[in-house]
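Note: the block below is protein_27.csv and it holds CSV, C-alpha atoms and all ligand atoms.
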```
chain,number,residue,atom,x,y,z
A,1,MET,CA,3.4,20.3,-12.6
A,2,ASN,CA,6.4,19.2,-10.6
A,3,PHE,CA,10.0,20.3,-10.9
A,4,ARG,CA,12.7,18.1,-9.6
A,5,LEU,CA,16.4,18.9,-9.3
A,6,CYS,CA,18.5,15.7,-9.4
A,7,ASP,CA,22.0,15.6,-8.0
A,8,TYR,CA,23.8,12.3,-8.9
A,9,ASN,CA,26.5,13.1,-6.4
A,10,PRO,CA,29.3,10.5,-6.0
A,11,GLU,CA,29.7,11.5,-2.3
A,12,THR,CA,26.3,10.2,-1.3
A,13,ALA,CA,24.5,6.8,-1.0
A,14,ALA,CA,26.2,3.7,-2.6
A,15,PRO,CA,29.2,5.5,-4.1
A,16,HIS,CA,30.3,2.3,-6.0
A,17,SER,CA,27.0,1.7,-7.7
A,18,ASP,CA,26.6,2.6,-11.4
A,19,ASN,CA,22.8,2.9,-10.8
A,20,GLY,CA,21.8,6.5,-10.8
A,21,CYS,CA,18.1,5.9,-11.4
A,22,GLY,CA,16.9,2.4,-12.3
A,23,SER,CA,14.8,1.6,-15.4
A,24,HIS,CA,11.3,3.2,-15.1
A,25,THR,CA,8.5,5.0,-16.8
A,26,ASP,CA,7.1,8.3,-15.4
A,27,TYR,CA,3.4,8.6,-14.4
A,28,GLY,CA,2.5,12.0,-15.9
A,29,THR,CA,1.6,13.2,-19.4
A,30,PHE,CA,5.1,14.2,-20.4
A,31,THR,CA,8.5,14.9,-18.8
A,32,ILE,CA,11.1,17.4,-19.9
A,33,ILE,CA,14.7,16.6,-18.9
A,34,PHE,CA,17.3,19.4,-18.9
A,35,GLN,CA,20.8,18.0,-18.4
A,36,ASP,CA,24.1,19.7,-17.4
A,37,GLY,CA,26.1,18.2,-20.2
A,38,THR,CA,27.0,15.0,-18.4
A,39,SER,CA,25.8,11.8,-20.1
A,40,GLY,CA,24.2,9.0,-18.2
A,41,LEU,CA,20.6,9.2,-19.4
A,42,GLU,CA,19.5,6.2,-21.5
A,43,LEU,CA,16.3,5.4,-23.4
A,44,GLU,CA,15.0,1.9,-24.0
A,45,GLY,CA,14.1,1.1,-27.6
A,46,ALA,CA,10.2,1.1,-27.9
A,47,ASN,CA,10.3,-2.1,-29.9
A,48,ALA,CA,13.5,-3.5,-28.5
A,49,PRO,CA,13.2,-4.1,-24.7
A,50,GLY,CA,16.5,-4.3,-23.0
A,51,THR,CA,18.2,-2.2,-25.7
A,52,TRP,CA,19.4,1.1,-24.2
A,53,THR,CA,20.5,4.1,-26.2
A,54,PRO,CA,22.7,6.7,-24.4
A,55,ILE,CA,21.4,10.2,-24.8
A,56,PRO,CA,24.0,13.0,-25.4
A,57,GLY,CA,24.5,14.9,-22.1
A,58,ASP,CA,23.7,18.2,-23.7
A,59,ALA,CA,20.3,17.2,-25.2
A,60,THR,CA,17.0,18.4,-23.7
A,61,VAL,CA,14.7,15.5,-23.8
A,62,ILE,CA,10.9,15.2,-23.9
A,63,LEU,CA,9.5,11.8,-22.8
A,64,THR,CA,5.9,10.6,-23.1
A,65,ASP,CA,4.3,9.0,-20.0
A,66,TRP,CA,1.3,7.0,-18.7
A,67,CYS,CA,-1.1,10.0,-18.5
A,68,ALA,CA,-0.6,10.3,-22.3
A,69,VAL,CA,-0.8,6.6,-23.0
A,70,VAL,CA,-4.3,6.2,-21.5
A,71,PRO,CA,-6.0,9.3,-23.0
A,72,SER,CA,-4.6,8.4,-26.4
A,73,GLY,CA,-6.2,5.0,-26.2
A,74,GLY,CA,-2.7,3.4,-26.3
A,75,ARG,CA,-1.5,5.2,-29.4
A,76,ILE,CA,1.2,6.9,-27.4
A,77,SER,CA,3.7,4.7,-25.6
A,78,THR,CA,5.7,5.3,-22.5
A,79,ALA,CA,9.4,6.1,-22.9
A,80,ARG,CA,11.3,3.8,-20.5
A,81,HIS,CA,14.5,5.4,-19.3
A,82,ARG,CA,17.2,5.1,-16.7
A,83,VAL,CA,20.3,7.0,-15.5
A,84,ARG,CA,23.8,5.3,-15.3
A,85,ARG,CA,26.4,6.8,-13.1
A,86,VAL,CA,30.1,7.0,-13.8
A,87,LEU,CA,32.2,6.5,-10.7
A,88,GLY,CA,33.4,9.8,-9.3
A,89,VAL,CA,31.4,11.9,-11.8
A,90,ARG,CA,28.7,14.3,-10.6
A,91,ARG,CA,25.7,14.8,-12.8
A,92,LEU,CA,22.9,17.4,-12.4
A,93,SER,CA,19.6,17.4,-14.1
A,94,ALA,CA,16.4,19.5,-13.9
A,95,VAL,CA,13.3,17.5,-14.6
A,96,LEU,CA,9.8,19.0,-15.3
A,97,PHE,CA,6.9,16.6,-14.8
A,98,VAL,CA,3.7,17.7,-16.5
A,99,ALA,CA,0.6,15.8,-15.4
A,100,PRO,CA,-3.2,16.3,-15.0
A,101,ASP,CA,-4.6,17.3,-11.7
A,102,LEU,CA,-4.7,14.5,-9.2
A,103,VAL,CA,-8.6,14.2,-9.2
A,104,VAL,CA,-8.8,13.7,-12.9
A,105,PRO,CA,-9.9,10.2,-14.0
A,106,LEU,CA,-7.3,8.4,-16.1
A,107,LYS,CA,-9.4,7.3,-19.1
A,108,PRO,CA,-9.3,7.4,-22.9
A,109,LEU,CA,-10.3,10.8,-24.2
A,110,GLU,CA,-13.9,11.3,-25.4
A,111,GLY,CA,-14.4,9.6,-28.8
A,112,VAL,CA,-11.0,7.8,-28.7
A,113,LEU,CA,-11.3,4.1,-29.4
A,114,PRO,CA,-8.5,2.2,-27.6
A,115,VAL,CA,-6.1,0.2,-29.8
A,116,ARG,CA,-5.7,-2.2,-26.9
A,117,MET,CA,-8.0,-3.1,-24.0
A,118,PHE,CA,-7.6,-1.2,-20.8
A,119,SER,CA,-8.3,-2.6,-17.3
A,120,ASP,CA,-11.9,-2.5,-15.9
A,121,MET,CA,-10.8,0.1,-13.5
A,122,VAL,CA,-9.7,2.5,-16.3
A,123,MET,CA,-12.7,1.8,-18.4
A,124,ARG,CA,-15.1,2.4,-15.4
A,125,GLU,CA,-13.3,5.7,-14.8
A,126,ASP,CA,-12.5,4.4,-11.3
A,127,MET,CA,-8.9,5.3,-11.4
A,128,ASP,CA,-7.8,8.9,-10.8
A,129,VAL,CA,-4.4,10.3,-11.4
A,130,ASP,CA,-3.7,10.4,-7.6
A,131,THR,CA,-4.3,6.6,-7.2
A,132,PHE,CA,-2.1,5.8,-10.1
A,133,LYS,CA,0.6,8.1,-9.0
A,134,GLN,CA,0.8,6.4,-5.6
A,135,VAL,CA,1.1,3.0,-7.2
A,136,MET,CA,4.0,4.3,-9.3
A,137,GLY,CA,5.7,6.1,-6.5
A,138,LYS,CA,6.1,3.0,-4.2
A,139,ARG,CA,9.5,1.9,-5.2
A,140,TRP,CA,11.0,5.2,-6.1
A,141,ARG,CA,13.6,5.2,-3.4
A,142,TYR,CA,14.9,1.9,-4.5
A,143,ARG,CA,15.2,3.0,-8.1
A,144,GLU,CA,17.2,6.0,-7.0
A,145,GLY,CA,19.6,3.7,-5.2
A,146,ASN,CA,18.5,5.2,-1.8
A,147,GLY,CA,16.3,2.4,-0.4
A,148,GLU,CA,16.4,-1.3,0.3
A,149,MET,CA,13.9,-3.6,-1.2
A,150,ILE,CA,11.5,-5.3,1.2
A,151,ASN,CA,11.8,-9.1,0.8
A,152,GLY,CA,9.8,-10.5,-2.1
A,153,GLU,CA,9.4,-7.3,-3.9
A,154,GLY,CA,10.7,-7.3,-7.5
A,155,THR,CA,13.2,-4.6,-8.6
A,156,THR,CA,10.7,-3.1,-11.0
A,157,GLN,CA,7.0,-2.5,-10.7
A,158,ASP,CA,6.3,-3.2,-14.3
A,159,GLY,CA,3.9,-6.0,-13.7
A,160,GLU,CA,1.9,-4.1,-11.1
A,161,ILE,CA,1.7,-1.0,-13.3
A,162,GLU,CA,0.7,-3.0,-16.4
A,163,ALA,CA,-2.0,-4.8,-14.4
A,164,PHE,CA,-3.5,-1.5,-13.3
A,165,ILE,CA,-3.6,-0.1,-16.8
A,166,TRP,CA,-4.1,-3.0,-19.3
A,167,ALA,CA,-6.8,-5.7,-19.4
A,201,LIG,O1,18.0,12.7,-14.1
A,201,LIG,C1,17.5,12.4,-15.2
A,201,LIG,O2,18.1,12.7,-16.3
A,201,LIG,C2,16.2,11.7,-15.3
A,201,LIG,C3,15.5,11.6,-13.9
A,201,LIG,C4,14.3,10.8,-14.1
A,201,LIG,O3,14.1,10.0,-14.9
A,201,LIG,C5,13.1,11.1,-13.1
A,201,LIG,O4,13.4,11.8,-12.2
A,201,LIG,O5,12.0,10.6,-13.4
A,202,FE,FE,12.0,9.5,-15.1
```
Would you mind giving the structure from this file in structure tokens?
Amino acid sequence: MNFRLCDYNPETAAPHSDNGCGSHTDYGTFTIIFQDGTSGLELEGANAPGTWTPIPGDATVILTDWCAVVPSGGRISTARHRVRRVLGVRRLSAVLFVAPDLVVPLKPLEGVLPVRMFSDMVMREDMDVDTFKQVMGKRWRYREGNGEMINGEGTTQDGEIEAFIWA
């Protein structure tokens, strides 16, 4: 379990950017987001990529993540989300990431027949949570607006993550 306090402070990096936290999915089982009443969090429609729904700033939100998708055999999907910033407005959030231990293999639960084929690595039980978490963590600073992309890297890691998980 990890607990992160986020301060979207207008005084810090890139004060003119409206990107608080770029579009992403979280690696763990589920994420609970406690907000300070300031809006900015947005959820992508599960069946409508590119459609973003703003979440009221006083809502507490539970999102499902990759370490739920794989054990469920693909029955649970990831909740893609992002944070928009309003110029000059500070926003605080407290985020609880719940995930399996790092050594746990990321695979469908015993007796669960996947509804979609997973990669060989997943099916061979060759991918543990730690390996997957590292893949997902690579571009975190960029998404937070605190890092530059290295030439040639895309702004999202979607392709790389999908290739790790799905056949
Ligand atoms: O600050 C928020 O509301 C969400 C932050 C987030 O998505 C994350 O840290 O993974
Ligand atoms: Fe997140």
Between chain A and ligand FE 202 (chain A), at 12 Å or less, what are the per-residue closest atom pairs and their distances in Å? Count only C-alpha atoms and all ligand atoms, order by chain and rising residue number, and return it as JSON lines.
```
{"residue": "A:Phe3", "atom": "CA", "partner": "A:FE202", "partner_atom": "FE", "distance": 11.8}
{"residue": "A:Arg4", "atom": "CA", "partner": "A:FE202", "partner_atom": "FE", "distance": 10.2}
{"residue": "A:Leu5", "atom": "CA", "partner": "A:FE202", "partner_atom": "FE", "distance": 11.9}
{"residue": "A:Cys6", "atom": "CA", "partner": "A:FE202", "partner_atom": "FE", "distance": 10.6}
{"residue": "A:Gly20", "atom": "CA", "partner": "A:FE202", "partner_atom": "FE", "distance": 11.1}
{"residue": "A:Cys21", "atom": "CA", "partner": "A:FE202", "partner_atom": "FE", "distance": 8.0}
{"residue": "A:Gly22", "atom": "CA", "partner": "A:FE202", "partner_atom": "FE", "distance": 9.1}
{"residue": "A:Ser23", "atom": "CA", "partner": "A:FE202", "partner_atom": "FE", "distance": 8.4}
{"residue": "A:His24", "atom": "CA", "partner": "A:FE202", "partner_atom": "FE", "distance": 6.3}
{"residue": "A:Thr25", "atom": "CA", "partner": "A:FE202", "partner_atom": "FE", "distance": 5.9}
{"residue": "A:Asp26", "atom": "CA", "partner": "A:FE202", "partner_atom": "FE", "distance": 5.1}
{"residue": "A:Tyr27", "atom": "CA", "partner": "A:FE202", "partner_atom": "FE", "distance": 8.7}
{"residue": "A:Gly28", "atom": "CA", "partner": "A:FE202", "partner_atom": "FE", "distance": 9.9}
{"residue": "A:Thr29", "atom": "CA", "partner": "A:FE202", "partner_atom": "FE", "distance": 11.8}
{"residue": "A:Phe30", "atom": "CA", "partner": "A:FE202", "partner_atom": "FE", "distance": 9.9}
{"residue": "A:Thr31", "atom": "CA", "partner": "A:FE202", "partner_atom": "FE", "distance": 7.4}
{"residue": "A:Ile32", "atom": "CA", "partner": "A:FE202", "partner_atom": "FE", "distance": 9.3}
{"residue": "A:Ile33", "atom": "CA", "partner": "A:FE202", "partner_atom": "FE", "distance": 8.5}
{"residue": "A:Phe34", "atom": "CA", "partner": "A:FE202", "partner_atom": "FE", "distance": 11.9}
{"residue": "A:Leu41", "atom": "CA", "partner": "A:FE202", "partner_atom": "FE", "distance": 9.6}
{"residue": "A:Glu42", "atom": "CA", "partner": "A:FE202", "partner_atom": "FE", "distance": 10.4}
{"residue": "A:Leu43", "atom": "CA", "partner": "A:FE202", "partner_atom": "FE", "distance": 10.2}
{"residue": "A:Val61", "atom": "CA", "partner": "A:FE202", "partner_atom": "FE", "distance": 10.9}
{"residue": "A:Ile62", "atom": "CA", "partner": "A:FE202", "partner_atom": "FE", "distance": 10.5}
{"residue": "A:Leu63", "atom": "CA", "partner": "A:FE202", "partner_atom": "FE", "distance": 8.4}
{"residue": "A:Thr64", "atom": "CA", "partner": "A:FE202", "partner_atom": "FE", "distance": 10.1}
{"residue": "A:Asp65", "atom": "CA", "partner": "A:FE202", "partner_atom": "FE", "distance": 9.1}
{"residue": "A:Trp66", "atom": "CA", "partner": "A:FE202", "partner_atom": "FE", "distance": 11.6}
{"residue": "A:Thr78", "atom": "CA", "partner": "A:FE202", "partner_atom": "FE", "distance": 10.6}
{"residue": "A:Ala79", "atom": "CA", "partner": "A:FE202", "partner_atom": "FE", "distance": 8.9}
{"residue": "A:Arg80", "atom": "CA", "partner": "A:FE202", "partner_atom": "FE", "distance": 7.9}
{"residue": "A:His81", "atom": "CA", "partner": "A:FE202", "partner_atom": "FE", "distance": 6.4}
{"residue": "A:Arg82", "atom": "CA", "partner": "A:FE202", "partner_atom": "FE", "distance": 7.0}
{"residue": "A:Val83", "atom": "CA", "partner": "A:FE202", "partner_atom": "FE", "distance": 8.7}
{"residue": "A:Ser93", "atom": "CA", "partner": "A:FE202", "partner_atom": "FE", "distance": 11.0}
{"residue": "A:Ala94", "atom": "CA", "partner": "A:FE202", "partner_atom": "FE", "distance": 11.0}
{"residue": "A:Val95", "atom": "CA", "partner": "A:FE202", "partner_atom": "FE", "distance": 8.1}
{"residue": "A:Leu96", "atom": "CA", "partner": "A:FE202", "partner_atom": "FE", "distance": 9.8}
{"residue": "A:Phe97", "atom": "CA", "partner": "A:FE202", "partner_atom": "FE", "distance": 8.7}
{"residue": "A:Val98", "atom": "CA", "partner": "A:FE202", "partner_atom": "FE", "distance": 11.8}
{"residue": "A:Met136", "atom": "CA", "partner": "A:FE202", "partner_atom": "FE", "distance": 11.2}
{"residue": "A:Gly137", "atom": "CA", "partner": "A:FE202", "partner_atom": "FE", "distance": 11.2}
{"residue": "A:Trp140", "atom": "CA", "partner": "A:FE202", "partner_atom": "FE", "distance": 10.0}
{"residue": "A:Arg143", "atom": "CA", "partner": "A:FE202", "partner_atom": "FE", "distance": 10.1}
{"residue": "A:Glu144", "atom": "CA", "partner": "A:FE202", "partner_atom": "FE", "distance": 10.2}
```
Item to complete: Just give me the gap between CA of Ser119 in chain A and CA of Arg75 in chain A in Å, one decimal is fine.
Response: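 The value is 15.9 Å.
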Using Å and a single decimal, report how far CA of Lys107 in chain A sits from CA of Val122 in chain A.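 Separating CA of Val122 in chain A from CA of Lys107 in chain A is a distance of 5.6 Å.
Counting all atoms listed in the file and comparing A:Pro114, A:Pro71, A:Gly40, A:Pro56, the residue that lies closest to ligand LIG 201 (chain A) is A:Gly40.
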- Task: Find the residues near His16 in chain A: any atom within 10 Å, counting all atoms listed in the file, skip ones fewer than 4 places away on the same chain, and give them as a ChimeraX atom specification.
- Result: /A:10-11,85-88
Those residues you just picked out, can you put them in a file as an mmCIF file, keeping the file's coordinate frame with C-alpha atoms?
```
data_model
loop_
_atom_site.group_PDB
_atom_site.id
_atom_site.type_symbol
_atom_site.label_atom_id
_atom_site.label_comp_id
_atom_site.auth_asym_id
_atom_site.auth_seq_id
_atom_site.Cartn_x
_atom_site.Cartn_y
_atom_site.Cartn_z
ATOM 1 C CA PRO A 10 29.300 10.500 -6.000
ATOM 2 C CA GLU A 11 29.700 11.500 -2.300
ATOM 3 C CA ARG A 85 26.400 6.800 -13.100
ATOM 4 C CA VAL A 86 30.100 7.000 -13.800
ATOM 5 C CA LEU A 87 32.200 6.500 -10.700
ATOM 6 C CA GLY A 88 33.400 9.800 -9.300
#
```
Identify, on the basis of only C-alpha atoms, every residue whose closest approach to range 159-166 of chain A does not exceed 12 Å; exclude the query and any residue fewer than 3 positions from it along the same chain; express the result as a PyMOL selection string. chain A and resi 24-27+66-67+69-71+73-74+78+106-108+114-129+131-139+153-156
Among listed residues A:Arg84, A:Asn47, A:Trp52, A:Ile76, nearest ligand LIG 201 (chain A) (using only C-alpha atoms and all ligand atoms):
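Checking each of A:Arg84, A:Asn47, A:Trp52, A:Ile76 against ligand LIG 201 (chain A), counting only C-alpha atoms and all ligand atoms, the winner is A:Arg84.
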Min atom-atom distance to ligand LIG 201 (chain A) from the set A:Thr60, A:Ser77, A:Thr53, A:Gln157, counting all atoms listed in the file, belongs to A:Thr60
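With distances taken over only C-alpha atoms and all ligand atoms, A:Asp36 is the one residue among A:Asp18, A:Asp130, A:Glu110, A:Asp36 lying closest to ligand LIG 201 (chain A).
Picture a line from atom C3 of ligand LIG 201 (chain A) to CA of Ala48 in chain A; it runs 21.1 Å.
Here the question is which of A:Asn9, A:Leu92, A:Pro49, A:Asn2 gets nearest to ligand LIG 201 (chain A) using only C-alpha atoms and all ligand atoms, and that residue is A:Leu92.
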